[in-house]
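Structure below is model17.pdb: PDB, C-alpha atoms and all ligand atoms.
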```pdb
ATOM      1  CA  MET A1301     -42.733 119.120 278.360
ATOM      2  CA  ARG A1302     -45.095 120.494 275.830
ATOM      3  CA  ILE A1303     -48.274 118.644 275.121
ATOM      4  CA  VAL A1304     -49.698 119.203 271.696
ATOM      5  CA  LEU A1305     -53.418 119.271 272.021
ATOM      6  CA  ILE A1306     -54.321 119.973 268.459
ATOM      7  CA  THR A1307     -56.210 117.519 266.399
ATOM      8  CA  LEU A1308     -56.335 118.318 262.763
ATOM      9  CA  VAL A1309     -59.183 116.686 261.022
ATOM     10  CA  PHE A1310     -58.531 117.217 257.371
ATOM     11  CA  SER A1311     -61.531 115.281 256.272
ATOM     12  CA  SER A1312     -63.810 117.756 258.010
ATOM     13  CA  TRP A1313     -64.237 121.205 256.588
ATOM     14  CA  GLY A1314     -64.960 124.750 257.483
ATOM     15  CA  TRP A1315     -62.117 126.982 258.559
ATOM     16  CA  ALA A1316     -63.289 130.308 259.885
ATOM     17  CA  VAL A1317     -60.555 132.578 258.554
ATOM     18  CA  ASP A1318     -61.003 135.661 256.397
ATOM     19  CA  TRP A1319     -58.391 135.544 253.632
ATOM     20  CA  SER A1320     -59.642 138.644 251.783
ATOM     21  CA  SER A1321     -56.540 140.628 252.782
ATOM     22  CA  LEU A1322     -54.483 138.525 250.327
ATOM     23  CA  TYR A1323     -55.375 141.169 247.732
ATOM     24  CA  GLY A1324     -57.857 143.496 249.425
ATOM     25  CA  VAL A1325     -61.342 144.110 248.069
ATOM     26  CA  ASP A1326     -60.451 147.456 246.402
ATOM     27  CA  ASN A1327     -57.528 145.907 244.605
ATOM     28  CA  LEU A1328     -59.686 143.011 243.386
ATOM     29  CA  GLU A1329     -62.291 145.475 242.110
ATOM     30  CA  ALA A1330     -59.532 147.354 240.253
ATOM     31  CA  GLN A1331     -58.503 144.081 238.584
ATOM     32  CA  ARG A1332     -62.079 143.059 237.793
ATOM     33  CA  PRO A1333     -61.971 143.668 233.996
ATOM     34  CA  ARG A1334     -58.806 141.594 233.562
ATOM     35  CA  LEU A1335     -59.926 138.736 235.848
ATOM     36  CA  HIS A1336     -63.336 138.631 234.165
ATOM     37  CA  GLU A1337     -61.704 138.502 230.738
ATOM     38  CA  ASP A1338     -59.378 135.702 231.866
ATOM     39  CA  LEU A1339     -62.327 133.599 233.024
ATOM     40  CA  ASP A1340     -64.222 134.264 229.767
ATOM     41  CA  LEU A1341     -61.187 133.076 227.812
ATOM     42  CA  VAL A1342     -61.019 129.834 229.800
ATOM     43  CA  ILE A1343     -64.731 129.260 229.115
ATOM     44  CA  ALA A1344     -64.345 129.935 225.383
ATOM     45  CA  GLN A1345     -61.161 127.903 224.885
ATOM     46  CA  GLU A1346     -61.227 125.137 227.462
ATOM     47  CA  ILE A1347     -64.878 124.470 228.227
ATOM     48  CA  GLN A1348     -67.266 125.337 225.410
ATOM     49  CA  PRO A1349     -65.525 123.359 222.624
ATOM     50  CA  PHE A1350     -65.783 120.164 224.690
ATOM     51  CA  LEU A1351     -69.393 120.238 225.854
ATOM     52  CA  THR A1352     -72.066 118.051 224.274
ATOM     53  CA  ILE A1353     -74.962 119.945 222.665
ATOM     54  CA  GLU A1354     -77.097 119.206 225.711
ATOM     55  CA  GLN A1355     -74.433 120.360 228.171
ATOM     56  CA  ALA A1356     -73.757 123.486 226.093
ATOM     57  CA  HIS A1357     -77.435 124.368 226.163
ATOM     58  CA  PHE A1358     -77.543 123.955 229.934
ATOM     59  CA  PHE A1359     -74.343 125.985 230.381
ATOM     60  CA  ALA A1360     -75.649 128.809 228.170
ATOM     61  CA  ASN A1361     -78.413 129.381 230.716
ATOM     62  CA  ILE A1362     -76.068 129.568 233.686
ATOM     63  CA  GLN A1363     -75.152 132.947 235.069
ATOM     64  CA  ILE A1364     -71.655 133.350 236.471
ATOM     65  CA  ASP A1365     -71.496 135.788 239.391
ATOM     66  CA  LEU A1366     -68.190 137.420 240.227
ATOM     67  CA  PRO A1367     -68.296 139.144 243.618
ATOM     68  CA  ALA A1368     -64.899 140.415 244.824
ATOM     69  CA  VAL A1369     -65.070 138.003 247.771
ATOM     70  CA  ALA A1370     -67.748 135.692 249.181
ATOM     71  CA  GLN A1371     -68.796 136.225 252.794
ATOM     72  CA  PRO A1372     -68.610 134.787 255.378
ATOM     73  CA  ASN A1373     -64.956 133.831 255.756
ATOM     74  CA  PRO A1374     -63.702 134.634 252.225
ATOM     75  CA  ASN A1375     -61.551 131.705 251.073
ATOM     76  CA  PRO A1376     -59.187 131.653 248.068
ATOM     77  CA  PHE A1377     -60.837 128.438 246.811
ATOM     78  CA  ASP A1378     -64.468 129.535 247.103
ATOM     79  CA  PHE A1379     -66.758 128.471 244.240
ATOM     80  CA  TYR A1380     -70.384 127.489 244.739
ATOM     81  CA  SER A1381     -73.986 128.120 243.772
ATOM     82  CA  SER A1382     -76.109 130.474 245.839
ATOM     83  CA  GLN A1383     -79.225 129.878 243.741
ATOM     84  CA  ALA A1384     -80.399 127.767 240.819
ATOM     85  CA  ARG A1385     -78.582 128.400 237.537
ATOM     86  CA  HIS A1386     -75.920 130.565 239.144
ATOM     87  CA  ILE A1387     -72.269 129.785 239.710
ATOM     88  CA  VAL A1388     -70.349 132.106 242.026
ATOM     89  CA  VAL A1389     -66.620 132.459 241.355
ATOM     90  CA  PRO A1390     -65.209 135.279 243.499
ATOM     91  CA  LEU A1391     -62.463 137.473 242.033
ATOM     92  CA  LEU A1392     -60.392 136.388 245.055
ATOM     93  CA  THR A1393     -60.475 132.801 243.759
ATOM     94  CA  ILE A1394     -59.525 133.754 240.187
ATOM     95  CA  ALA A1395     -56.676 136.036 241.324
ATOM     96  CA  PHE A1396     -55.314 133.425 243.766
ATOM     97  CA  VAL A1397     -55.486 130.602 241.196
ATOM     98  CA  GLU A1398     -53.651 132.778 238.650
ATOM     99  CA  ASP A1399     -50.871 133.708 241.060
ATOM    100  CA  MET A1400     -50.515 130.152 242.364
ATOM    101  CA  ALA A1401     -50.331 128.892 238.767
ATOM    102  CA  GLN A1402     -47.582 131.384 237.986
ATOM    103  CA  ALA A1403     -45.687 130.470 241.161
ATOM    104  CA  TYR A1404     -45.915 126.721 240.464
ATOM    105  CA  ALA A1405     -44.843 127.254 236.846
ATOM    106  CA  TRP A1406     -41.847 129.394 237.741
ATOM    107  CA  LEU A1407     -40.688 126.970 240.462
ATOM    108  CA  TRP A1408     -41.111 124.048 238.055
ATOM    109  CA  ALA A1409     -39.275 125.730 235.146
ATOM    110  CA  ASN A1410     -36.438 126.746 237.453
ATOM    111  CA  ARG A1411     -36.122 123.289 239.013
ATOM    112  CA  CYS A1412     -37.115 124.454 242.468
ATOM    113  CA  SER A1413     -39.003 122.418 245.060
ATOM    114  CA  SER A1414     -42.762 122.890 245.364
ATOM    115  CA  GLN A1415     -42.365 122.252 249.106
ATOM    116  CA  THR A1416     -42.336 126.022 249.698
ATOM    117  CA  VAL A1417     -45.871 126.186 248.245
ATOM    118  CA  ASP A1418     -47.110 123.706 250.885
ATOM    119  CA  GLU A1419     -45.325 125.720 253.572
ATOM    120  CA  TYR A1420     -46.920 128.911 252.279
ATOM    121  CA  LEU A1421     -50.386 127.338 252.495
ATOM    122  CA  GLY A1422     -49.533 126.205 256.053
ATOM    123  CA  MET A1423     -48.618 129.788 256.893
ATOM    124  CA  LEU A1424     -51.945 131.036 255.511
ATOM    125  CA  ARG A1425     -53.822 128.496 257.550
ATOM    126  CA  GLU A1426     -51.980 128.842 260.831
ATOM    127  CA  ARG A1427     -51.283 132.562 261.001
ATOM    128  CA  ALA A1428     -53.448 135.661 261.334
ATOM    129  CA  PRO A1429     -53.243 138.599 258.898
ATOM    130  CA  GLY A1430     -51.957 140.754 261.780
ATOM    131  CA  ASP A1431     -48.736 138.666 261.850
ATOM    132  CA  PHE A1432     -47.703 140.208 258.515
ATOM    133  CA  PRO A1433     -46.696 143.720 257.363
ATOM    134  CA  GLU A1434     -49.676 146.093 257.104
ATOM    135  CA  GLY A1435     -51.901 143.411 258.605
ATOM    136  CA  ARG A1436     -52.323 141.574 255.286
ATOM    137  CA  TYR A1437     -51.567 138.019 254.247
ATOM    138  CA  PRO A1438     -48.807 138.009 251.584
ATOM    139  CA  ASN A1439     -50.058 136.882 248.145
ATOM    140  CA  PRO A1440     -48.410 133.848 246.482
ATOM    141  CA  LEU A1441     -46.032 135.789 244.223
ATOM    142  CA  VAL A1442     -44.704 137.901 247.091
ATOM    143  CA  ALA A1443     -44.517 135.051 249.612
ATOM    144  CA  LEU A1444     -42.825 132.618 247.237
ATOM    145  CA  HIS A1445     -40.319 135.183 245.911
ATOM    146  CA  ILE A1446     -41.403 134.863 242.281
ATOM    147  CA  PRO A1447     -39.477 137.443 240.185
ATOM    148  CA  ALA A1448     -41.429 140.212 238.456
ATOM    149  CA  GLY A1449     -40.539 139.114 234.901
ATOM    150  CA  ALA A1450     -41.409 135.431 235.522
ATOM    151  CA  MET A1451     -43.877 135.243 232.641
ATOM    152  CA  ASP A1452     -41.286 136.531 230.116
ATOM    153  CA  ASP A1453     -39.935 132.974 230.026
ATOM    154  CA  PRO A1454     -42.124 131.144 227.468
ATOM    155  CA  ALA A1455     -41.835 127.845 229.372
ATOM    156  CA  VAL A1456     -43.160 129.507 232.550
ATOM    157  CA  ALA A1457     -45.949 131.269 230.652
ATOM    158  CA  ARG A1458     -47.048 128.028 228.937
ATOM    159  CA  MET A1459     -47.101 126.007 232.165
ATOM    160  CA  ALA A1460     -48.816 128.810 234.107
ATOM    161  CA  GLN A1461     -51.517 128.956 231.465
ATOM    162  CA  ARG A1462     -51.998 125.199 231.608
ATOM    163  CA  VAL A1463     -52.275 125.149 235.418
ATOM    164  CA  ARG A1464     -54.546 128.192 235.491
ATOM    165  CA  GLY A1465     -56.767 127.037 232.624
ATOM    166  CA  THR A1466     -57.248 123.519 233.932
ATOM    167  CA  THR A1467     -57.884 124.719 237.497
ATOM    168  CA  LEU A1468     -60.498 127.283 236.501
ATOM    169  CA  SER A1469     -62.159 124.923 234.040
ATOM    170  CA  PHE A1470     -62.238 122.138 236.666
ATOM    171  CA  LEU A1471     -63.929 124.325 239.250
ATOM    172  CA  LEU A1472     -66.499 125.704 236.799
ATOM    173  CA  LEU A1473     -67.238 122.243 235.416
ATOM    174  CA  HIS A1474     -67.397 120.669 238.873
ATOM    175  CA  GLN A1475     -70.030 123.226 239.831
ATOM    176  CA  LEU A1476     -71.838 122.712 236.533
ATOM    177  CA  GLY A1477     -71.844 119.007 237.410
ATOM    178  CA  HIS A1478     -73.615 119.810 240.698
ATOM    179  CA  LEU A1479     -76.191 121.971 238.918
ATOM    180  CA  SER A1480     -76.922 119.715 235.986
ATOM    181  CA  TYR A1481     -77.413 116.534 237.972
ATOM    182  CA  VAL A1482     -80.955 115.233 237.960
ATOM    183  CA  PRO A1483     -81.508 112.591 240.655
ATOM    184  CA  SER A1484     -83.345 109.414 239.684
ATOM    185  CA  SER A1485     -86.744 108.752 241.235
ATOM    186  CA  GLN A1486     -85.092 106.105 243.403
ATOM    187  CA  GLU A1487     -82.581 108.655 244.729
ATOM    188  CA  LYS A1488     -85.370 111.174 245.276
ATOM    189  CA  ALA A1489     -87.242 108.592 247.327
ATOM    190  CA  LEU A1490     -84.187 108.198 249.562
ATOM    191  CA  LYS A1491     -84.389 111.961 250.244
ATOM    192  CA  ARG A1492     -80.745 111.938 251.119
ATOM    193  CA  ASP A1493     -77.700 112.446 248.974
ATOM    194  CA  PRO A1494     -74.450 111.864 250.841
ATOM    195  CA  VAL A1495     -71.999 114.741 250.369
ATOM    196  CA  GLU A1496     -69.269 112.362 249.267
ATOM    197  CA  ALA A1497     -71.360 110.869 246.469
ATOM    198  CA  ARG A1498     -72.358 114.329 245.307
ATOM    199  CA  GLU A1499     -68.749 115.528 245.186
ATOM    200  CA  GLU A1500     -67.540 112.425 243.359
ATOM    201  CA  ARG A1501     -70.261 112.799 240.760
ATOM    202  CA  ALA A1502     -69.380 116.457 240.158
ATOM    203  CA  ASP A1503     -65.676 115.523 239.807
ATOM    204  CA  GLY A1504     -66.592 112.813 237.310
ATOM    205  CA  PHE A1505     -68.627 115.293 235.304
ATOM    206  CA  ALA A1506     -65.728 117.797 235.205
ATOM    207  CA  LEU A1507     -63.101 115.209 234.245
ATOM    208  CA  GLY A1508     -65.419 113.722 231.619
ATOM    209  CA  VAL A1509     -65.451 117.058 229.797
ATOM    210  CA  MET A1510     -61.788 117.803 230.431
ATOM    211  CA  LYS A1511     -60.505 114.537 228.996
ATOM    212  CA  LYS A1512     -61.788 115.577 225.570
ATOM    213  CA  ASN A1513     -59.401 118.515 225.719
ATOM    214  CA  SER A1514     -56.482 116.019 225.625
ATOM    215  CA  GLU A1515     -54.722 118.315 228.051
ATOM    216  CA  THR A1516     -52.971 117.246 231.242
ATOM    217  CA  PRO A1517     -55.174 118.644 234.043
ATOM    218  CA  ALA A1518     -52.028 120.045 235.624
ATOM    219  CA  GLY A1519     -53.978 122.362 237.914
ATOM    220  CA  LEU A1520     -55.568 119.474 239.818
ATOM    221  CA  VAL A1521     -52.710 118.985 242.285
ATOM    222  CA  MET A1522     -52.638 122.690 243.100
ATOM    223  CA  LEU A1523     -56.400 122.803 243.520
ATOM    224  CA  ILE A1524     -56.517 119.650 245.652
ATOM    225  CA  HIS A1525     -53.710 120.862 247.910
ATOM    226  CA  GLY A1526     -55.414 124.237 248.203
ATOM    227  CA  MET A1527     -58.793 122.747 249.099
ATOM    228  CA  MET A1528     -57.191 120.288 251.505
ATOM    229  CA  TYR A1529     -55.003 122.813 253.352
ATOM    230  CA  LEU A1530     -57.445 125.751 253.290
ATOM    231  CA  PRO A1531     -60.891 124.162 253.412
ATOM    232  CA  ALA A1532     -63.747 126.574 252.684
ATOM    233  CA  SER A1533     -66.683 126.774 255.053
ATOM    234  CA  ALA A1534     -70.094 125.366 254.133
ATOM    235  CA  PRO A1535     -71.889 125.903 251.815
ATOM    236  CA  LYS A1536     -68.992 127.264 249.724
ATOM    237  CA  GLY A1537     -66.679 124.294 250.033
ATOM    238  CA  HIS A1538     -66.409 120.872 248.468
ATOM    239  CA  PRO A1539     -65.197 118.512 251.192
ATOM    240  CA  LEU A1540     -62.266 116.358 250.208
ATOM    241  CA  THR A1541     -62.333 112.794 251.430
ATOM    242  CA  ALA A1542     -59.982 109.879 250.859
ATOM    243  CA  ALA A1543     -62.623 108.162 248.720
ATOM    244  CA  ARG A1544     -63.045 111.263 246.570
ATOM    245  CA  LEU A1545     -59.299 111.565 245.957
ATOM    246  CA  LYS A1546     -59.067 107.854 245.167
ATOM    247  CA  ALA A1547     -61.890 108.225 242.654
ATOM    248  CA  ILE A1548     -60.077 111.105 240.891
ATOM    249  CA  ALA A1549     -56.758 109.232 240.773
ATOM    250  CA  ASP A1550     -58.468 106.062 239.509
ATOM    251  CA  TYR A1551     -60.322 108.074 236.862
ATOM    252  CA  LEU A1552     -57.039 109.499 235.554
ATOM    253  CA  ASP A1553     -55.271 106.117 235.617
ATOM    254  CA  ALA A1554     -58.091 104.440 233.725
ATOM    255  CA  ARG A1555     -58.097 107.096 231.008
ATOM    256  CA  VAL A1556     -54.418 107.871 230.472
ATOM    257  CA  ARG A1557     -54.872 107.201 226.768
ATOM    258  CA  GLU A1558     -57.804 109.581 226.358
ATOM    259  CA  PHE A1559     -56.052 112.390 228.211
ATOM    260  CA  SER A1560     -52.878 112.004 226.159
ATOM    261  CA  GLN A1561     -54.498 111.448 222.769
ATOM    262  CA  GLY A1562     -53.400 113.781 219.997
ATOM    263  CA  ARG A1563     -50.514 115.203 221.995
ATOM    264  CA  PRO A1564     -47.225 115.668 220.094
ATOM    265  CA  ASP A1565     -45.328 113.594 222.639
ATOM    266  CA  ALA A1566     -47.750 110.900 223.756
ATOM    267  CA  ASN A1567     -45.196 109.211 226.066
ATOM    268  CA  LEU A1568     -44.501 112.413 227.910
ATOM    269  CA  ALA A1569     -48.220 113.138 228.180
ATOM    270  CA  ARG A1570     -48.869 109.629 229.528
ATOM    271  CA  SER A1571     -46.204 109.926 232.198
ATOM    272  CA  ALA A1572     -47.535 113.372 233.161
ATOM    273  CA  ILE A1573     -51.002 111.906 233.773
ATOM    274  CA  GLU A1574     -49.572 108.971 235.735
ATOM    275  CA  SER A1575     -47.489 111.292 237.892
ATOM    276  CA  LEU A1576     -50.549 113.483 238.481
ATOM    277  CA  ALA A1577     -52.511 110.445 239.700
ATOM    278  CA  ASN A1578     -49.620 109.570 242.048
ATOM    279  CA  HIS A1579     -49.546 113.086 243.495
ATOM    280  CA  ILE A1580     -53.268 112.821 244.167
ATOM    281  CA  ARG A1581     -52.674 109.507 245.969
ATOM    282  CA  ASP A1582     -50.012 111.238 248.100
ATOM    283  CA  ALA A1583     -52.587 113.871 249.042
ATOM    284  CA  ARG A1584     -54.968 111.073 249.970
ATOM    285  CA  ARG A1585     -52.363 109.569 252.314
ATOM    286  CA  PHE A1586     -51.855 112.984 253.936
ATOM    287  CA  LEU A1587     -55.576 113.057 254.843
ATOM    288  CA  SER A1588     -55.021 110.222 257.293
ATOM    289  CA  ASP A1589     -51.453 111.086 258.324
ATOM    290  CA  THR A1590     -51.936 112.817 261.692
ATOM    291  CA  THR A1591     -48.192 113.144 262.317
ATOM    292  CA  GLY A1592     -47.611 114.665 258.884
ATOM    293  CA  GLN A1593     -50.473 117.100 259.448
ATOM    294  CA  GLN A1594     -49.098 118.182 262.830
ATOM    295  CA  LEU A1595     -45.620 118.748 261.382
ATOM    296  CA  TRP A1596     -47.097 120.760 258.535
ATOM    297  CA  ALA A1597     -49.170 122.895 260.932
ATOM    298  CA  GLU A1598     -46.177 123.417 263.228
ATOM    299  CA  GLN A1599     -44.102 124.571 260.245
ATOM    300  CA  GLY A1600     -46.935 126.894 259.191
ATOM    301  CA  ARG A1601     -46.937 128.547 262.608
ATOM    302  CA  LYS A1602     -43.182 129.158 262.469
ATOM    303  CA  ALA A1603     -42.565 129.979 258.808
ATOM    304  CA  THR A1604     -41.830 133.531 257.706
ATOM    305  CA  VAL A1605     -41.729 134.879 254.149
ATOM    306  CA  ALA A1606     -37.917 134.814 254.387
ATOM    307  CA  ASP A1607     -38.086 131.011 254.866
ATOM    308  CA  LEU A1608     -39.905 130.564 251.551
ATOM    309  CA  VAL A1609     -36.983 131.530 249.302
ATOM    310  CA  PRO A1610     -37.006 129.107 246.311
ATOM    311  CA  ARG A1611     -34.983 125.920 246.920
ATOM    312  CA  ARG A1612     -33.209 124.355 243.968
ATOM    313  CA  LEU A1613     -33.735 120.632 243.571
ATOM    314  CA  PRO A1614     -30.589 118.510 243.217
ATOM    315  CA  GLN A1615     -29.696 118.019 239.545
ATOM    316  CA  SER A1616     -30.996 114.735 238.236
ATOM    317  CA  ARG A1617     -29.199 113.269 235.239
TER     318      ARG A1617
HETATM  319 ZN    ZN B   1     -68.654 120.116 244.916
END
```

As structure tokens, the full file:
Amino acid sequence: MRIVLITLVFSSWGWAVDWSSLYGVDNLEAQRPRLHEDLDLVIAQEIQPFLTIEQAHFFANIQIDLPAVAQPNPNPFDFYSSQARHIVVPLLTIAFVEDMAQAYAWLWANRCSSQTVDEYLGMLRERAPGDFPEGRYPNPLVALHIPAGAMDDPAVARMAQRVRGTTLSFLLLHQLGHLSYVPSSQEKALKRDPVEAREERADGFALGVMKKNSETPAGLVMLIHGMMYLPASAPKGHPLTAARLKAIADYLDARVREFSQGRPDANLARSAIESLANHIRDARRFLSDTTGQQLWAEQGRKATVADLVPRRLPQSR
């Protein structure tokens, strides 16, 4: 009989794994101009037009640092501030978000299950780089068998851009929310700011800007799954708790109209927001589902790249 002695505590954070081999530092440096340009485009198109004058002024004085990876334990969802008025977004994070967005978009457009994405993240969490060819973790496009010409399909390209743009804008705005918050004198007197409250406030700040974009924040599910399955170590991470996920889902539900305003198909946009909120509630349930977590981890330890071949969903008519 085998006794499973693992206890996964998803609400805690800090996972001491180095994921830099997903791309390799040299390769990230070679891609620096393109990744930098991509981030600048997200800032110009998806953030700046929606800031208030005050927020825009604050943002203009923020420096964005783009190291290839952030030590220690480089994580594909690292984003943080190392000093006042600086936001660090490693190239590893931008590259991973872009590839995950493309993978999600291709799977979605080709009616394939996103289950393989969860299994891939399990593999990244449970396995060591040495378990893979050349001692490197496979990147999302390789692991999930996404064809080379995926972005030639306009539907894939559009969805990938939406997922990528909303993920990168959420993480920049969330961090801006941390930086721009000025505690009241009452809060200062308490000398203590619970992590959960801080994270919820930063999420609220990000969503408050994003709702003006009238765009479905399609990247949120990918980002939440990523941060839940591959938690970054302190001080680079943003711990996910059940209360935080509930607050995000409630925020979306309460503002379905604002998020879908001005969209050509308002009904479709509304149902997209509602389904997003439901997915976030599912993630919240997973946080307290010990059996589900153990099954997921077990699968991650066994899965190979060959197991992650895209799986068509049954036709629904
Ligand atoms: Zn945070």

Please, which residues have at least one atom within 10 Å of an atom of ligand ZN 1 (chain B), using all atoms listed in the file, listed as a VMD selection string? chain A and resid 1379 to 1381 1471 1473 to 1479 1495 to 1503 1535 to 1540

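Counting all atoms listed in the file and comparing A:Leu1441, A:Val1609, A:Ala1405, A:Ala1506, the residue that lies closest to Tyr1551 in chain A is A:Ala1506.
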
I'd like the neighbourhood of range 1595-1603 of chain A as a PyMOL selection string, where a residue qualifies if any of its atoms comes within 8 Å (using only C-alpha atoms), though same-chain residues fewer than 2 positions away should be ignored. chain A and resi 1419-1427+1591-1593+1605+1607-1608

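Among A:Ala1403, A:Val1342, A:Lys1546, A:Pro1367, the residue with the shortest atom-to-atom distance to Phe1470 in chain A, counting only C-alpha atoms, is A:Val1342.
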
Coordinates-based distance that separates CA of Ala1330 in chain A from CA of Pro1531 in chain A (Å, one decimal): 26.7 Å
